[in-house]
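Okay, input14.cif now, which holds mmCIF, C-alpha atoms:
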data_data
loop_
_atom_site.label_atom_id
_atom_site.label_comp_id
_atom_site.auth_asym_id
_atom_site.auth_seq_id
_atom_site.Cartn_x
_atom_site.Cartn_y
_atom_site.Cartn_z
CA MET A 2 -28.83 78.16 175.17
CA GLN A 3 -29.34 80.45 172.23
CA ASP A 4 -31.67 77.82 170.71
CA ILE A 5 -34.40 78.58 173.22
CA ILE A 6 -34.04 82.33 172.86
CA GLN A 7 -34.18 81.94 169.10
CA SER A 8 -37.29 79.75 169.37
CA LEU A 9 -39.02 82.20 171.71
CA ASN A 10 -38.19 85.03 169.35
CA TRP A 11 -39.55 83.02 166.44
CA ARG A 12 -42.89 82.25 168.05
CA CYS A 13 -45.90 84.55 167.83
CA ALA A 14 -49.66 84.20 167.83
CA VAL A 15 -50.02 83.39 164.13
CA LYS A 16 -53.27 84.47 162.50
CA ARG A 17 -52.98 82.82 159.08
CA PHE A 18 -51.90 79.29 158.55
CA ASP A 19 -50.46 77.14 155.80
CA THR A 20 -53.27 74.97 154.45
CA ASN A 21 -50.77 72.63 152.79
CA LYS A 22 -49.04 71.56 155.97
CA LYS A 23 -50.44 69.22 158.58
CA ILE A 24 -49.15 68.43 162.06
CA SER A 25 -47.88 64.86 161.82
CA ASP A 26 -49.32 62.08 163.95
CA SER A 27 -46.01 61.65 165.75
CA ASP A 28 -45.93 65.38 166.57
CA ILE A 29 -49.45 65.10 167.95
CA GLU A 30 -48.26 62.34 170.25
CA THR A 31 -45.31 64.53 171.31
CA ILE A 32 -47.69 67.42 172.03
CA LYS A 33 -49.80 65.17 174.25
CA GLU A 34 -46.72 63.96 176.09
CA ILE A 35 -45.51 67.56 176.60
CA LEU A 36 -48.83 68.48 178.20
CA ARG A 37 -48.91 65.31 180.24
CA LEU A 38 -45.48 66.09 181.72
CA THR A 39 -46.49 69.61 182.86
CA PRO A 40 -45.67 70.17 186.54
CA SER A 41 -48.42 71.20 188.96
CA ALA A 42 -48.67 71.94 192.67
CA TYR A 43 -48.46 68.69 194.66
CA GLY A 44 -48.38 66.95 191.29
CA VAL A 45 -52.17 66.79 191.30
CA GLN A 46 -52.68 67.66 187.61
CA PRO A 47 -56.05 69.37 188.11
CA TRP A 48 -56.83 69.39 184.39
CA LYS A 49 -58.01 67.67 181.30
CA PHE A 50 -57.19 68.47 177.69
CA LEU A 51 -59.89 68.12 175.06
CA ILE A 52 -58.79 67.77 171.47
CA ILE A 53 -61.71 68.86 169.36
CA LYS A 54 -61.82 67.16 166.00
CA ASN A 55 -65.56 67.19 165.40
CA LYS A 56 -66.37 69.81 162.75
CA GLU A 57 -69.87 70.56 163.98
CA LEU A 58 -68.52 71.29 167.45
CA ARG A 59 -65.74 73.45 166.06
CA LYS A 60 -68.38 75.48 164.22
CA LYS A 61 -70.40 75.92 167.39
CA LEU A 62 -67.32 76.92 169.40
CA ARG A 63 -66.30 79.36 166.68
CA GLU A 64 -69.54 81.24 167.18
CA VAL A 65 -68.70 81.90 170.81
CA SER A 66 -65.01 82.74 170.33
CA LYS A 67 -63.35 85.95 169.28
CA SER A 68 -60.69 84.41 167.03
CA LYS A 69 -62.94 82.67 164.55
CA ALA A 70 -60.49 81.14 162.04
CA GLN A 71 -58.28 79.62 164.71
CA VAL A 72 -61.19 77.68 166.17
CA GLU A 73 -62.55 76.24 162.97
CA GLU A 74 -59.54 75.98 160.71
CA SER A 75 -56.60 75.09 162.93
CA ASP A 76 -55.03 71.70 162.48
CA ILE A 77 -55.36 70.91 166.18
CA PHE A 78 -57.69 72.67 168.57
CA ILE A 79 -57.27 72.01 172.27
CA VAL A 80 -59.56 73.19 175.04
CA PHE A 81 -57.66 73.32 178.33
CA CYS A 82 -60.01 72.45 181.17
CA SER A 83 -59.56 72.69 184.91
CA LEU A 84 -61.30 70.44 187.42
CA ARG A 85 -64.35 72.12 188.97
CA THR A 86 -63.65 70.51 192.30
CA LEU A 87 -60.70 68.60 193.65
CA ASP A 88 -62.32 66.21 196.09
CA GLU A 89 -61.08 63.46 198.35
CA LYS A 90 -61.85 60.80 195.77
CA TYR A 91 -59.64 62.54 193.23
CA ILE A 92 -56.81 62.98 195.74
CA ASN A 93 -57.06 59.28 196.56
CA LYS A 94 -56.79 58.45 192.87
CA HIS A 95 -53.72 60.68 192.60
CA LEU A 96 -52.03 59.17 195.66
CA PHE A 97 -52.85 55.66 194.48
CA ASN A 98 -51.05 56.55 191.24
CA VAL A 99 -48.07 57.87 193.25
CA SER A 100 -47.87 54.69 195.29
CA GLN A 101 -48.16 52.46 192.23
CA THR A 102 -45.63 54.38 190.15
CA ARG A 103 -43.05 54.64 192.90
CA GLU A 104 -43.82 51.30 194.49
CA ILE A 105 -44.38 52.71 197.94
CA GLU A 106 -46.97 51.91 200.57
CA ARG A 107 -50.14 53.93 200.06
CA ALA A 108 -50.39 54.59 203.81
CA THR A 109 -47.09 56.49 203.88
CA LEU A 110 -48.74 59.11 201.64
CA ASP A 111 -51.56 59.91 204.06
CA PRO A 112 -49.93 63.14 205.28
CA TYR A 113 -49.98 64.46 201.69
CA LYS A 114 -53.68 63.79 201.50
CA GLU A 115 -54.22 66.01 204.52
CA ILE A 116 -52.02 68.74 203.08
CA ILE A 117 -53.82 68.77 199.73
CA LEU A 118 -57.24 68.64 201.39
CA GLN A 119 -56.35 71.54 203.65
CA SER A 120 -54.53 73.75 201.19
CA ILE A 121 -56.49 73.13 197.98
CA SER A 122 -59.79 71.30 198.42
CA SER A 123 -60.89 73.59 201.22
CA LEU A 124 -60.34 76.85 199.31
CA PRO A 125 -63.46 78.98 198.78
CA PRO A 126 -64.89 78.22 195.28
CA GLN A 127 -63.58 81.37 193.56
CA GLU A 128 -60.09 80.95 195.05
CA TYR A 129 -60.01 77.29 194.12
CA LYS A 130 -61.00 78.15 190.56
CA ALA A 131 -58.26 80.78 190.32
CA TRP A 132 -55.74 78.28 191.65
CA ALA A 133 -56.79 75.51 189.26
CA GLU A 134 -56.72 77.85 186.27
CA LYS A 135 -53.21 79.00 187.19
CA GLN A 136 -52.07 75.39 187.08
CA VAL A 137 -53.64 75.09 183.63
CA TYR A 138 -51.66 78.14 182.55
CA ILE A 139 -48.41 76.38 183.52
CA ALA A 140 -49.47 73.78 180.95
CA LEU A 141 -50.15 76.55 178.44
CA GLY A 142 -46.73 78.15 179.04
CA ASN A 143 -45.05 74.77 178.80
CA LEU A 144 -46.82 73.98 175.53
CA LEU A 145 -46.13 77.36 173.90
CA THR A 146 -42.41 77.14 174.66
CA SER A 147 -42.16 73.49 173.63
CA LEU A 148 -43.99 74.10 170.35
CA ALA A 149 -41.72 77.07 169.62
CA CYS A 150 -38.75 74.70 170.00
CA MET A 151 -40.48 72.34 167.55
CA LYS A 152 -41.17 75.22 165.13
CA ILE A 153 -44.87 74.52 165.29
CA ASP A 154 -47.21 77.49 165.63
CA ALA A 155 -49.70 77.99 168.39
CA CYS A 156 -52.23 80.70 169.03
CA PRO A 157 -53.69 80.78 172.56
CA LEU A 158 -57.32 81.86 172.80
CA GLU A 159 -58.44 83.54 176.00
CA ALA A 160 -61.32 85.46 174.48
CA ILE A 161 -63.73 82.54 174.45
CA ASN A 162 -67.14 82.44 176.04
CA LYS A 163 -66.30 79.89 178.71
CA GLU A 164 -69.86 79.38 179.87
CA ARG A 165 -70.94 78.55 176.36
CA TYR A 166 -67.90 76.32 175.85
CA ASP A 167 -68.87 74.45 179.01
CA GLU A 168 -72.40 73.95 177.70
CA ILE A 169 -71.41 72.95 174.18
CA LEU A 170 -68.84 70.44 175.45
CA TRP A 171 -70.95 69.18 178.39
CA LEU A 172 -68.13 70.09 180.75
CA LYS A 173 -70.13 70.68 183.92
CA GLU A 174 -71.31 67.08 183.77
CA LYS A 175 -67.65 66.00 183.62
CA ASN A 176 -66.63 68.19 186.59
CA LEU A 177 -64.63 70.40 184.19
CA SER A 178 -64.50 74.12 183.32
CA SER A 179 -62.99 75.46 180.12
CA SER A 180 -60.08 77.73 181.03
CA VAL A 181 -58.31 78.61 177.79
CA ALA A 182 -57.95 77.17 174.29
CA CYS A 183 -55.09 76.80 171.87
CA ALA A 184 -55.03 76.48 168.09
CA ILE A 185 -52.05 74.64 166.64
CA TRP A 186 -50.94 74.81 163.02
CA TYR A 187 -48.13 75.95 160.73
CA ARG A 188 -47.91 79.61 159.80
CA SER A 189 -48.63 80.78 156.29
CA LYS A 190 -45.93 82.72 154.50
CA GLU A 191 -48.63 85.32 154.01
CA ASP A 192 -49.14 85.77 157.72
CA THR A 193 -48.14 89.41 158.02
CA TYR A 194 -48.36 89.29 161.80
CA SER A 195 -45.42 86.92 162.11
CA LEU A 196 -43.27 89.32 160.09
CA LEU A 197 -43.72 92.12 162.63
CA LYS A 198 -41.05 92.83 165.20
CA LYS A 199 -41.70 91.32 168.61
CA VAL A 200 -42.69 93.88 171.22
CA ARG A 201 -41.45 93.56 174.78
CA PHE A 202 -40.44 96.03 177.45
CA ASP A 203 -36.73 96.32 178.11
CA THR A 204 -35.07 94.01 180.62
CA GLU A 205 -34.47 97.01 182.90
CA GLU A 206 -38.19 97.69 182.94
CA LEU A 207 -39.27 94.11 183.67
CA PHE A 208 -36.64 93.11 186.21
CA GLU A 209 -35.59 94.49 189.50
CA ILE A 210 -32.46 93.16 191.12
CA ILE A 211 -32.70 93.59 194.88
CA ASN A 212 -29.18 93.63 196.28
CA MET B 13 -38.51 66.36 169.36
CA GLN B 14 -37.42 63.78 171.86
CA ASP B 15 -35.09 66.40 173.40
CA ILE B 16 -38.01 68.28 174.93
CA ILE B 17 -39.66 65.12 176.22
CA GLN B 18 -36.35 64.05 177.71
CA SER B 19 -35.88 67.47 179.33
CA LEU B 20 -39.41 67.47 180.75
CA ASN B 21 -38.85 63.99 182.12
CA TRP B 22 -35.57 65.11 183.65
CA ARG B 23 -37.00 68.10 185.46
CA CYS B 24 -38.50 67.91 188.94
CA ALA B 25 -38.90 70.21 191.92
CA VAL B 26 -35.46 69.59 193.39
CA LYS B 27 -35.18 69.91 197.17
CA ARG B 28 -31.41 69.66 197.68
CA PHE B 29 -28.90 71.52 195.64
CA ASP B 30 -25.24 71.27 194.73
CA THR B 31 -23.39 73.88 196.76
CA ASN B 32 -20.37 73.63 194.45
CA LYS B 33 -22.15 74.73 191.32
CA LYS B 34 -23.29 78.25 190.52
CA ILE B 35 -25.55 79.50 187.74
CA SER B 36 -23.24 81.40 185.40
CA ASP B 37 -23.72 85.08 184.64
CA SER B 38 -24.48 84.30 181.02
CA ASP B 39 -27.14 81.78 182.05
CA ILE B 40 -28.67 84.43 184.30
CA GLU B 41 -28.92 86.73 181.30
CA THR B 42 -30.52 83.92 179.30
CA ILE B 43 -33.04 83.32 182.09
CA LYS B 44 -33.99 87.00 182.06
CA GLU B 45 -34.40 86.96 178.30
CA ILE B 46 -36.56 83.81 178.48
CA LEU B 47 -38.90 85.52 180.94
CA ARG B 48 -38.88 88.74 178.94
CA LEU B 49 -40.01 86.87 175.82
CA THR B 50 -43.01 85.22 177.54
CA PRO B 51 -46.23 85.80 175.59
CA SER B 52 -49.20 87.45 177.28
CA ALA B 53 -52.72 88.48 176.29
CA TYR B 54 -52.59 91.55 174.03
CA GLY B 55 -48.84 91.49 174.67
CA VAL B 56 -49.33 93.68 177.73
CA GLN B 57 -46.84 91.87 180.01
CA PRO B 58 -48.69 92.59 183.27
CA TRP B 59 -45.75 91.56 185.41
CA LYS B 60 -42.42 92.29 186.98
CA PHE B 61 -39.75 89.84 188.07
CA LEU B 62 -37.80 90.54 191.24
CA ILE B 63 -34.46 88.82 191.64
CA ILE B 64 -33.75 88.78 195.35
CA LYS B 65 -30.05 88.81 196.13
CA ASN B 66 -30.15 90.55 199.49
CA LYS B 67 -29.49 88.01 202.25
CA GLU B 68 -31.46 89.82 204.94
CA LEU B 69 -34.50 89.88 202.70
CA ARG B 70 -34.11 86.23 201.80
CA LYS B 71 -34.07 85.43 205.51
CA LYS B 72 -37.25 87.42 206.07
CA LEU B 73 -38.97 85.78 203.10
CA ARG B 74 -37.87 82.36 204.29
CA GLU B 75 -39.80 82.90 207.50
CA VAL B 76 -43.05 83.36 205.58
CA SER B 77 -42.52 80.55 203.05
CA LYS B 78 -43.14 76.84 203.33
CA SER B 79 -40.03 75.68 201.45
CA LYS B 80 -37.38 77.24 203.65
CA ALA B 81 -34.11 76.10 202.05
CA GLN B 82 -35.16 77.08 198.56
CA VAL B 83 -35.78 80.67 199.62
CA GLU B 84 -32.56 81.23 201.49
CA GLU B 85 -30.08 78.94 199.80
CA SER B 86 -30.99 78.87 196.13
CA ASP B 87 -28.56 80.39 193.70
CA ILE B 88 -31.24 82.58 192.16
CA PHE B 89 -34.53 83.44 193.81
CA ILE B 90 -37.16 85.14 191.69
CA VAL B 91 -40.45 86.58 192.93
CA PHE B 92 -42.96 86.72 190.08
CA CYS B 93 -45.20 89.74 190.54
CA SER B 94 -48.36 90.78 188.75
CA LEU B 95 -49.49 94.36 188.28
CA ARG B 96 -52.13 95.35 190.84
CA THR B 97 -53.93 97.46 188.28
CA LEU B 98 -53.56 97.84 184.55
CA ASP B 99 -54.55 101.44 183.99
CA GLU B 100 -54.75 103.72 180.98
CA LYS B 101 -51.28 105.11 181.65
CA TYR B 102 -49.78 101.63 181.51
CA ILE B 103 -51.67 100.75 178.32
CA ASN B 104 -50.38 103.97 176.77
CA LYS B 105 -46.84 103.02 177.72
CA HIS B 106 -47.34 99.59 176.13
CA LEU B 107 -48.81 100.99 172.93
CA PHE B 108 -46.07 103.60 172.72
CA ASN B 109 -43.60 100.71 172.89
CA VAL B 110 -45.50 98.89 170.11
CA SER B 111 -45.45 101.96 167.88
CA GLN B 112 -41.75 102.59 168.51
CA THR B 113 -40.69 98.96 168.00
CA ARG B 114 -42.72 98.46 164.85
CA GLU B 115 -42.33 102.00 163.55
CA ILE B 116 -46.04 102.57 163.16
CA GLU B 117 -48.19 105.59 163.93
CA ARG B 118 -49.34 105.59 167.54
CA ALA B 119 -52.83 106.69 166.50
CA THR B 120 -53.41 103.52 164.48
CA LEU B 121 -53.23 101.59 167.75
CA ASP B 122 -56.08 103.44 169.42
CA PRO B 123 -58.58 100.62 168.83
CA TYR B 124 -56.35 98.27 170.84
CA LYS B 125 -56.40 100.70 173.72
CA GLU B 126 -60.17 100.49 173.81
CA ILE B 127 -60.12 96.70 173.61
CA ILE B 128 -57.64 96.37 176.48
CA LEU B 129 -59.47 98.94 178.60
CA GLN B 130 -62.77 97.17 178.06
CA SER B 131 -61.63 93.59 178.40
CA ILE B 132 -58.94 93.86 181.08
CA SER B 133 -58.83 97.18 182.93
CA SER B 134 -62.55 97.13 183.59
CA LEU B 135 -62.64 93.68 185.17
CA PRO B 136 -63.82 93.55 188.80
CA PRO B 137 -60.73 93.52 191.11
CA GLN B 138 -60.80 89.81 191.94
CA GLU B 139 -61.30 88.80 188.29
CA TYR B 140 -58.54 91.16 187.17
CA LYS B 141 -56.19 89.67 189.75
CA ALA B 142 -57.01 86.12 188.61
CA TRP B 143 -56.38 87.15 185.00
CA ALA B 144 -53.06 88.86 185.77
CA GLU B 145 -51.83 85.90 187.82
CA LYS B 146 -52.69 83.51 185.00
CA GLN B 147 -50.46 85.56 182.70
CA VAL B 148 -47.69 85.29 185.28
CA TYR B 149 -48.14 81.51 185.25
CA ILE B 150 -47.51 81.46 181.50
CA ALA B 151 -44.13 82.98 182.40
CA LEU B 152 -43.64 80.30 185.05
CA GLY B 153 -44.49 77.50 182.60
CA ASN B 154 -42.20 79.03 179.99
CA LEU B 155 -39.34 79.30 182.49
CA LEU B 156 -39.72 75.76 183.87
CA THR B 157 -39.65 74.22 180.40
CA SER B 158 -36.79 76.42 179.20
CA LEU B 159 -34.68 75.68 182.28
CA ALA B 160 -35.33 71.96 181.85
CA CYS B 161 -33.91 72.28 178.32
CA MET B 162 -30.88 74.03 179.83
CA LYS B 163 -30.53 71.30 182.49
CA ILE B 164 -30.86 73.89 185.23
CA ASP B 165 -33.09 73.05 188.17
CA ALA B 166 -36.03 75.09 189.32
CA CYS B 167 -38.41 74.67 192.21
CA PRO B 168 -41.59 76.77 192.01
CA LEU B 169 -42.94 78.01 195.34
CA GLU B 170 -46.66 78.60 195.62
CA ALA B 171 -46.86 78.13 199.37
CA ILE B 172 -45.64 81.60 200.24
CA ASN B 173 -47.42 84.14 202.40
CA LYS B 174 -48.13 86.61 199.64
CA GLU B 175 -49.37 89.37 201.91
CA ARG B 176 -46.16 89.22 203.92
CA TYR B 177 -44.07 89.05 200.74
CA ASP B 178 -45.83 92.19 199.53
CA GLU B 179 -45.02 93.96 202.79
CA ILE B 180 -41.41 92.81 203.00
CA LEU B 181 -40.71 93.80 199.39
CA TRP B 182 -42.79 97.01 199.46
CA LEU B 183 -44.81 95.72 196.54
CA LYS B 184 -48.06 97.60 197.11
CA GLU B 185 -46.17 100.87 196.76
CA LYS B 186 -44.92 99.64 193.38
CA ASN B 187 -48.40 98.59 192.17
CA LEU B 188 -47.30 94.95 192.36
CA SER B 189 -48.55 91.76 194.03
CA SER B 190 -46.41 88.69 194.60
CA SER B 191 -47.94 85.77 192.68
CA VAL B 192 -45.47 82.91 192.87
CA ALA B 193 -41.74 82.44 193.43
CA CYS B 194 -39.10 80.23 191.90
CA ALA B 195 -35.78 78.97 193.26
CA ILE B 196 -33.13 78.19 190.67
CA TRP B 197 -30.06 76.05 191.28
CA TYR B 198 -28.34 72.80 190.32
CA ARG B 199 -29.51 69.58 191.95
CA SER B 200 -27.34 67.75 194.43
CA LYS B 201 -26.48 64.14 193.67
CA GLU B 202 -27.92 63.47 197.12
CA ASP B 203 -31.30 64.86 196.19
CA THR B 204 -33.36 61.72 196.66
CA TYR B 205 -36.46 63.38 195.26
CA SER B 206 -34.98 63.68 191.77
CA LEU B 207 -34.29 59.95 191.76
CA LEU B 208 -37.96 59.09 192.19
CA LYS B 209 -40.06 58.10 189.20
CA LYS B 210 -42.17 60.89 187.76
CA VAL B 211 -45.86 60.51 188.53
CA ARG B 212 -48.44 61.45 185.93
CA PHE B 213 -51.82 60.12 184.98
CA ASP B 214 -51.96 58.16 181.74
CA THR B 215 -52.55 59.95 178.46
CA GLU B 216 -55.96 58.26 178.20
CA GLU B 217 -56.93 59.77 181.53
CA LEU B 218 -55.78 63.32 180.73
CA PHE B 219 -56.94 63.63 177.14
CA GLU B 220 -60.25 63.32 175.48
CA ILE B 221 -60.39 63.25 171.70
CA ILE B 222 -63.77 64.52 170.54
CA ASN B 223 -64.42 63.13 167.07
#
Go ahead and express the file in the form of structure tokens.
Amino acid sequence: MQDIIQSLNWRCAVKRFDTNKKISDSDIETIKEILRLTPSAYGVQPWKFLIIKNKELRKKLREVSKSKAQVEESDIFIVFCSLRTLDEKYINKHLFNVSQTREIERATLDPYKEIILQSISSLPPQEYKAWAEKQVYIALGNLLTSLACMKIDACPLEAINKERYDEILWLKEKNLSSSVACAIWYRSKEDTYSLLKKVRFDTEELFEIIN
Amino acid sequence: MQDIIQSLNWRCAVKRFDTNKKISDSDIETIKEILRLTPSAYGVQPWKFLIIKNKELRKKLREVSKSKAQVEESDIFIVFCSLRTLDEKYINKHLFNVSQTREIERATLDPYKEIILQSISSLPPQEYKAWAEKQVYIALGNLLTSLACMKIDACPLEAINKERYDEILWLKEKNLSSSVACAIWYRSKEDTYSLLKKVRFDTEELFEIIN
């Protein structure tokens, strides 16, 4: 599959974008479906994706982000949020969805409820948060690779003031925490960054084969 | 790009595999290159990927993992590790690699060293660990999506006893921590799990458009 390798080599965190090109509505729908299909532990999907279109909000978020242009000028700006708590009510909602989708008796799923409650919901707050954010990063990895295959540029933003994001977007009230953001757009031909050679350690450095 | 959507719909965490089919050597090389090309914050690649071929080790790891068959019987079994610490020496190695790859003066990269030291290396241990594991999960998300495009099955394993993995694989001595594992193989036609309908919340549930 040289296509994927080529796509991954093509992608980079673009800093300047092409103001003449817009992400099409059908691509936006594809992007949403890509994120929706992200796998997660126990299939619980402990996340929500906010697509910020409001210009005033973008301006406010820009002020509390390191990569200014990406926040305010990108075609699409997504804030990846994790659930603050994964409670019994949420697990019930998830298992109801499982039973409906697969047309199986809800009661047969009770053991899963216990497993999720015991392994996730009962984690100490900081461990739960780390777990939930890792799930969100599967979504980020999925999106970055998928967009590369679509030749659409993405620039992930970790250096955001998450507490301020949470306040500006009223996330606490929605049981959400901002985890990471992603700007989506098309690269400008003048983006010098995308012309640089990709830097990675050698395969021998990154892999160990244990025979 | 309906191909990606189709691939993501096709993928699932397969539980039974086809004993007659093996991942080819060239696909293994592609898998390594996919992981190698994963993006990370500041491009620091705070990870190492262990491909466990040794049968004795697989047996030992099986005993401390929830998904037994995947660990011992999968064609490829990868343990995703994060760096325990990201020290000045490592940052220097990274920036040396940047300067060599891009043929630029090492000294011009000094500001990046400061940024990485201040934003990553100086994090309190638990926060650093959470950060490093999130980077590893970008690699996991990248791999899962890429393998789906290649129609190769993968089953991520979070329910592993990481402390025991670290001991069995001598990871502490290598400045590594096990973060997550992944079994790679081809699904069996008898895998009933892969015949089930995929369960996800609706788009309206997972997305919020803020106008």
Determine the residue set returned by the PyMOL selection byres ((chain B) within 7 of (chain A)) for the present structure, and present it as a PyMOL selection string.
chain B and resi 13+16-17+20-21+46+48-49+60-66+110+113-114+142+146+149-154+157-158+162+208-209+211-212+215+218-223
Hey, can you check how far CA of Asn176 in chain A sits from CA of Tyr91 in chain A?
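CA of Asn176 in chain A sits 11.2 Å away from CA of Tyr91 in chain A.
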Do you know which residues the PyMOL selection byres ((chain A and resi 165) around 10) returns on this file, as JSON, numbers by chain?
{"A": [61, 62, 64, 65, 66, 161, 162, 163, 164, 166, 167, 168, 169, 170, 171, 172, 179]}
What does the distance between CA of Lys33 in chain B and CA of Ile88 in chain B come to in Å, to one decimal place?
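Answer for the CA of Lys33 in chain B to CA of Ile88 in chain B separation: 12.0 Å.
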For this file, the PyMOL selection byres ((chain A and resi 20) around 10) selects which residues, as a PyMOL selection string?
chain A and resi 17-19+21-23+74-76+186-189
Given all atoms listed in the file as the counted atoms, nearest of B:Tyr140, B:Glu100, B:Trp22, B:Ile164 to Ser36 in chain B
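When distances to Ser36 in chain B are compared using all atoms listed in the file, the smallest one comes from B:Ile164.
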Å distance separating CA of Tyr113 in chain A from CA of Phe97 in chain A, one decimal place
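CA of Tyr113 in chain A sits 11.7 Å away from CA of Phe97 in chain A.
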Need the axis-aligned box for range 122-125 of chain B with 3 Å each side, so what are the centre and edges in Å to one decimal, as lines of an AutoDock Vina configuration file?
center_x = -57.3
center_y = 100.9
center_z = 171.3
size_x = 8.5
size_y = 11.2
size_z = 10.9
